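Novice: Sharing a structure, written as structure tokens. Questions coming.
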Amino acid sequence: MVVFAASSLETAMSEYAESFSGADVKGSYAGSDQLAAQIRQGAPADVFASADTEYPAQLFEEGLVEKPRVFAGNRLVIAVPAGSEIDSLDDLTKPDTVLVIGDPSVPVGGYTRTVLDRLPAPQREAIVANVRSEEPEVSSVVAKLEQGAAEAGFVYATDVITAAGLETIALPERLQPDVAYAAAVIAKSEHKAEAERFVEGLIEGDGAEDLRRAGFLPPP
Amino acid sequence: MSRRSWFGAVAFLALLATLAFLVIPVVAIFADVSPARLLDALGEESARDALWLSLRATAIALVIVIVVGTPAAYLLASRDFRGRALVLTAIELPLVMPPAVAGIALLAAFGPEGILGSAVSSAGIELVFQTAGVVVALVFVSAPFFLRQAIAAFAALDGRFLEAARTLGAGPFRAFATVALPSVRAGLASGVALAWGRALGEFGATLLFAGSLQGVTQTAPLAIFADFSKPDGFVSALALSAVLIVVSAALLLSVKLLGGDRALEGSSRL
């Protein structure tokens with residue numbers, strides 16, 4: 001059985017996949033947008049777990065997946081290398097701050113733009129001017145931070161837990177977007193029973209436990 | 001059926017299979033996208049920025065590769081010294097290196113935390129997230145293609161012409177510029193075409209080392225990758241791919257024509 005999962009899910013999902021009984025589960029991790037595009041091109045997957053609800057909903061409308069179910073929540077945060085002088089959203093407006101965000105089509109990039117859109121125009125423009133790269137998936141934003149290439153990035157709270165040497169700066173509550181993860185069984189799956197059981201376990205069961213342990217929130 | 005014609009038939013079938021396999025995907029790109037849609041895609045700002053950046057960055061990279069690589073290849077081809085085989089292998093290593101490995105290697109060398117990172121930044125040079133970083137990645141992955149061809153071309157040069165030039169009073173530079181260079185034109189040109197093609201297609205090293213930002217580091221292959229995952233983006237990815245194929249083919253053809261490649265004139269070398 002093949003599970004296509006958002007790259008932010010990799011740690012939790014690979015643990016769940018390993019302990020899942022009844023089927024040998026292989027995980028493929030990438031930006032949810034890339035996975036959705038691959039499913040549209042007929043990639044042989046059985047489960048799609050996205051970092052948003054949009055992509056599964058689109059695929060459902062196109063008849064490519066069964067009805068999606070929300071299984072987890074997360075929080076968007078600013079991540080900085082440990083010991084950074086940046087300690088607030090406002091610090092991101094300082095000229096020449098090297099900021100890296102997700103590409104607009106990857107969910108983390110969408111959530112980042114939701115946050116930026118809630119800011120007053122001058123603050124938003126100053127931050128956008130510091131964006132030096134739009135990465136295809138959240139894991140590559142994290143990698144750029146870990147390599148010291150970037151000074152700050154918008155990532156999920158769970159990414160900072162698994163990353164080495166990064167610190168979290170929480171966003172003010174009024175800016176926090178609703179980060180919800182949805183999963184669906186692929187319509188053409190040849191392992192539907194197992195796939196449904198896998199998705200079920202993400203909502204309540206071993207998968208849900210692995211998700212909580214990795215810092216994911218219950219479905220909003 | 002005679003032995004000879006039996007083999008001829010097999011070889012012919014092998015050629016047909018090779019052609020079909022290599023040509024069908026290219027044809028599919030054009031079959032899938034109408035000329036009108038192709039022009040539409042060119043009108044999109046992100047596509048134009050990506051193509052323009054690709055042309056600029058690959059052109060700069062190629063100039064560096066040619067200017068530095070030609071004399072280096074000449075020296076390697078005309079001198080024998082201890083450790084020459086080792087030098088040749090070191091030069092060719094990026095040829096077989098996966099692009100992602102090239103990106104990681106460049107970060108480990110010139111990245112902010114790389115072994116030369118502080119030297120690079122104290123020299124006032126910024127590479128990561130900059131067009132200059134794209135050029136560095138392109139030079140790294142494409143130079144071996146040029147060097148290999150150039151070394152082979154210089155090595156095949158008849159040393160007697162150079163000696164004759166030297167006997168007639170030409171200095172080493174003059175002999176190189178007036179005798180060696182013109183006779184290896186075709187070899188160098190095919191090296192340029194291969195290196196340029198590799199540079200235009202570069203993806204992994206660029207993304208890892210330089211990042212992806214429209215107009216700064218997002219080259220055409222990175223834009224195609226970004227388009228692919230956008231809703232309804234497959235068509236624009238196809239269109240941009242079609243443009244890239246046309247540009248690459250035009251480059252390949254013009255460089256080969258300039259170099260006087262005999263293969264283009266239809267004469268067999270056997």
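Here, A, B, ... name the chains of the structure tokens in the order displayed, residue numbers run from 1 inside each chain, and ligands are numbered from 1 in the same displayed order.
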Up to 8 Å from chain B, what residues of chain A turn up? Count only C-alpha atoms and give them as a ChimeraX atom specification.
Specialist: /A:33-37,103,105,132-136,147-149
Novice: Go ahead and dump the residues you just picked, C-alpha atoms, as a tab-separated table (two decimals), in the first residue's frame.
Specialist:
chain	number	residue	atom	x	y	z
A	33	ASP	CA	0.52	20.17	-4.26
A	34	GLN	CA	3.08	17.91	-5.94
A	35	LEU	CA	1.36	14.82	-4.59
A	36	ALA	CA	-2.02	16.07	-5.81
A	37	ALA	CA	-0.52	16.74	-9.25
A	103	ASP	CA	5.91	28.39	-2.78
A	105	SER	CA	0.99	26.39	-4.27
A	132	ARG	CA	14.82	35.26	-0.76
A	133	SER	CA	13.45	31.91	-1.85
A	134	GLU	CA	10.10	30.19	-2.33
A	135	GLU	CA	10.69	26.53	-1.62
A	136	PRO	CA	8.61	23.69	-3.10
A	147	GLN	CA	22.17	24.89	6.80
A	148	GLY	CA	22.31	28.46	8.03
A	149	ALA	CA	21.44	29.67	4.53
Novice: Which residues in segment 52-241 of chain B does DSSP call alpha helix (DSSP H)? List them as an MDAnalysis selection string.
Specialist: chainID B and resid 52:78 84:96 99:110 117:122 131:155 159:167 172:175 181:183 185:201 204:210 220:228 233:241
Novice: Check the smallest atom-to-atom distance from each of A:Phe198, A:Tyr29, A:Phe4, A:Phe154 to Pro44 of chain A using only C-alpha atoms, then report the winner.
Specialist: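 Using only C-alpha atoms, the shortest distance to Pro44 of chain A belongs to A:Phe4.
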Novice: For segment 138-143 of chain A, list every protein, DNA or RNA residue within 10 Å, evaluated using only C-alpha atoms, and leave out those in the same chain fewer than 5 positions away; present the list as a ChimeraX atom specification.
Specialist: /A:6-10,29-32,79-81,99-103,106-109,133,148-150,152-156,159-160,162-164,166 /B:207-208,211
Novice: Could you pull out the residues in segment 38-150 of chain A that DSSP calls strand (DSSP E) from the backbone, as a PyMOL selection string?
Specialist: chain A and resi 47-50+69-74+76-81+99-102+131-135
Novice: May I have the residues within 10 Å of Ser190 of chain B as number ranges by chain, using only C-alpha atoms and disregarding those fewer than 3 positions away in the same chain?
Specialist: B: 145-146, 149-150, 153, 185-187, 193-196, 252-253, 255-261
Novice: Filtering to N, CA and C atoms, could you give me those residues as a PDB file, in the first residue's frame?
Specialist:
ATOM      1  N   PHE B 145      31.406  18.669 -19.077  1.00  0.00           N
ATOM      2  CA  PHE B 145      30.974  18.318 -20.430  1.00  0.00           C
ATOM      3  C   PHE B 145      31.856  19.015 -21.461  1.00  0.00           C
ATOM      4  N   PHE B 146      32.118  20.302 -21.208  1.00  0.00           N
ATOM      5  CA  PHE B 146      32.968  21.051 -22.134  1.00  0.00           C
ATOM      6  C   PHE B 146      34.407  20.545 -22.068  1.00  0.00           C
ATOM      7  N   GLN B 149      35.170  17.218 -23.928  1.00  0.00           N
ATOM      8  CA  GLN B 149      35.222  17.368 -25.386  1.00  0.00           C
ATOM      9  C   GLN B 149      36.466  18.133 -25.800  1.00  0.00           C
ATOM     10  N   ALA B 150      36.773  19.188 -25.034  1.00  0.00           N
ATOM     11  CA  ALA B 150      37.912  20.042 -25.410  1.00  0.00           C
ATOM     12  C   ALA B 150      39.220  19.267 -25.282  1.00  0.00           C
ATOM     13  N   ALA B 153      39.519  16.921 -28.134  1.00  0.00           N
ATOM     14  CA  ALA B 153      39.792  17.627 -29.389  1.00  0.00           C
ATOM     15  C   ALA B 153      41.261  18.045 -29.454  1.00  0.00           C
ATOM     16  N   ARG B 185      37.917  23.644 -33.542  1.00  0.00           N
ATOM     17  CA  ARG B 185      36.651  24.371 -33.484  1.00  0.00           C
ATOM     18  C   ARG B 185      35.446  23.444 -33.318  1.00  0.00           C
ATOM     19  N   ALA B 186      35.393  22.381 -34.138  1.00  0.00           N
ATOM     20  CA  ALA B 186      34.219  21.495 -34.088  1.00  0.00           C
ATOM     21  C   ALA B 186      34.126  20.790 -32.743  1.00  0.00           C
ATOM     22  N   GLY B 187      35.271  20.348 -32.232  1.00  0.00           N
ATOM     23  CA  GLY B 187      35.289  19.661 -30.940  1.00  0.00           C
ATOM     24  C   GLY B 187      34.832  20.579 -29.826  1.00  0.00           C
ATOM     25  N   ALA B 193      27.895  22.872 -26.882  1.00  0.00           N
ATOM     26  CA  ALA B 193      26.491  22.469 -27.013  1.00  0.00           C
ATOM     27  C   ALA B 193      26.073  21.549 -25.867  1.00  0.00           C
ATOM     28  N   LEU B 194      26.930  20.579 -25.556  1.00  0.00           N
ATOM     29  CA  LEU B 194      26.601  19.645 -24.466  1.00  0.00           C
ATOM     30  C   LEU B 194      26.529  20.371 -23.130  1.00  0.00           C
ATOM     31  N   ALA B 195      27.521  21.233 -22.873  1.00  0.00           N
ATOM     32  CA  ALA B 195      27.566  21.944 -21.597  1.00  0.00           C
ATOM     33  C   ALA B 195      26.372  22.885 -21.468  1.00  0.00           C
ATOM     34  N   TRP B 196      26.032  23.550 -22.569  1.00  0.00           N
ATOM     35  CA  TRP B 196      24.905  24.481 -22.540  1.00  0.00           C
ATOM     36  C   TRP B 196      23.594  23.738 -22.277  1.00  0.00           C
ATOM     37  N   LEU B 252      21.660  24.018 -29.773  1.00  0.00           N
ATOM     38  CA  LEU B 252      22.442  22.859 -30.207  1.00  0.00           C
ATOM     39  C   LEU B 252      22.789  22.973 -31.684  1.00  0.00           C
ATOM     40  N   LEU B 253      21.759  23.320 -32.467  1.00  0.00           N
ATOM     41  CA  LEU B 253      21.924  23.393 -33.906  1.00  0.00           C
ATOM     42  C   LEU B 253      22.871  24.520 -34.311  1.00  0.00           C
ATOM     43  N   VAL B 255      25.137  26.111 -32.505  1.00  0.00           N
ATOM     44  CA  VAL B 255      26.514  25.884 -32.068  1.00  0.00           C
ATOM     45  C   VAL B 255      27.196  24.863 -32.970  1.00  0.00           C
ATOM     46  N   LYS B 256      26.443  23.831 -33.351  1.00  0.00           N
ATOM     47  CA  LYS B 256      27.028  22.810 -34.229  1.00  0.00           C
ATOM     48  C   LYS B 256      27.324  23.385 -35.609  1.00  0.00           C
ATOM     49  N   LEU B 257      26.429  24.236 -36.118  1.00  0.00           N
ATOM     50  CA  LEU B 257      26.656  24.855 -37.420  1.00  0.00           C
ATOM     51  C   LEU B 257      27.883  25.748 -37.376  1.00  0.00           C
ATOM     52  N   LEU B 258      27.988  26.556 -36.297  1.00  0.00           N
ATOM     53  CA  LEU B 258      29.129  27.454 -36.159  1.00  0.00           C
ATOM     54  C   LEU B 258      30.424  26.669 -36.109  1.00  0.00           C
ATOM     55  N   GLY B 259      30.352  25.479 -35.478  1.00  0.00           N
ATOM     56  CA  GLY B 259      31.552  24.662 -35.342  1.00  0.00           C
ATOM     57  C   GLY B 259      31.836  23.842 -36.589  1.00  0.00           C
ATOM     58  N   GLY B 260      30.940  23.923 -37.569  1.00  0.00           N
ATOM     59  CA  GLY B 260      31.153  23.168 -38.805  1.00  0.00           C
ATOM     60  C   GLY B 260      31.088  21.660 -38.572  1.00  0.00           C
ATOM     61  N   ASP B 261      30.109  21.243 -37.768  1.00  0.00           N
ATOM     62  CA  ASP B 261      29.993  19.815 -37.466  1.00  0.00           C
ATOM     63  C   ASP B 261      29.633  19.044 -38.725  1.00  0.00           C
TER      64      ASP B 261
END
Novice: For segment 158-166 of chain B, work out the shell of residues within 9 Å, counting only C-alpha atoms and skipping chain neighbours fewer than 2 positions away, then give it as a count of residues only.
Specialist: 15
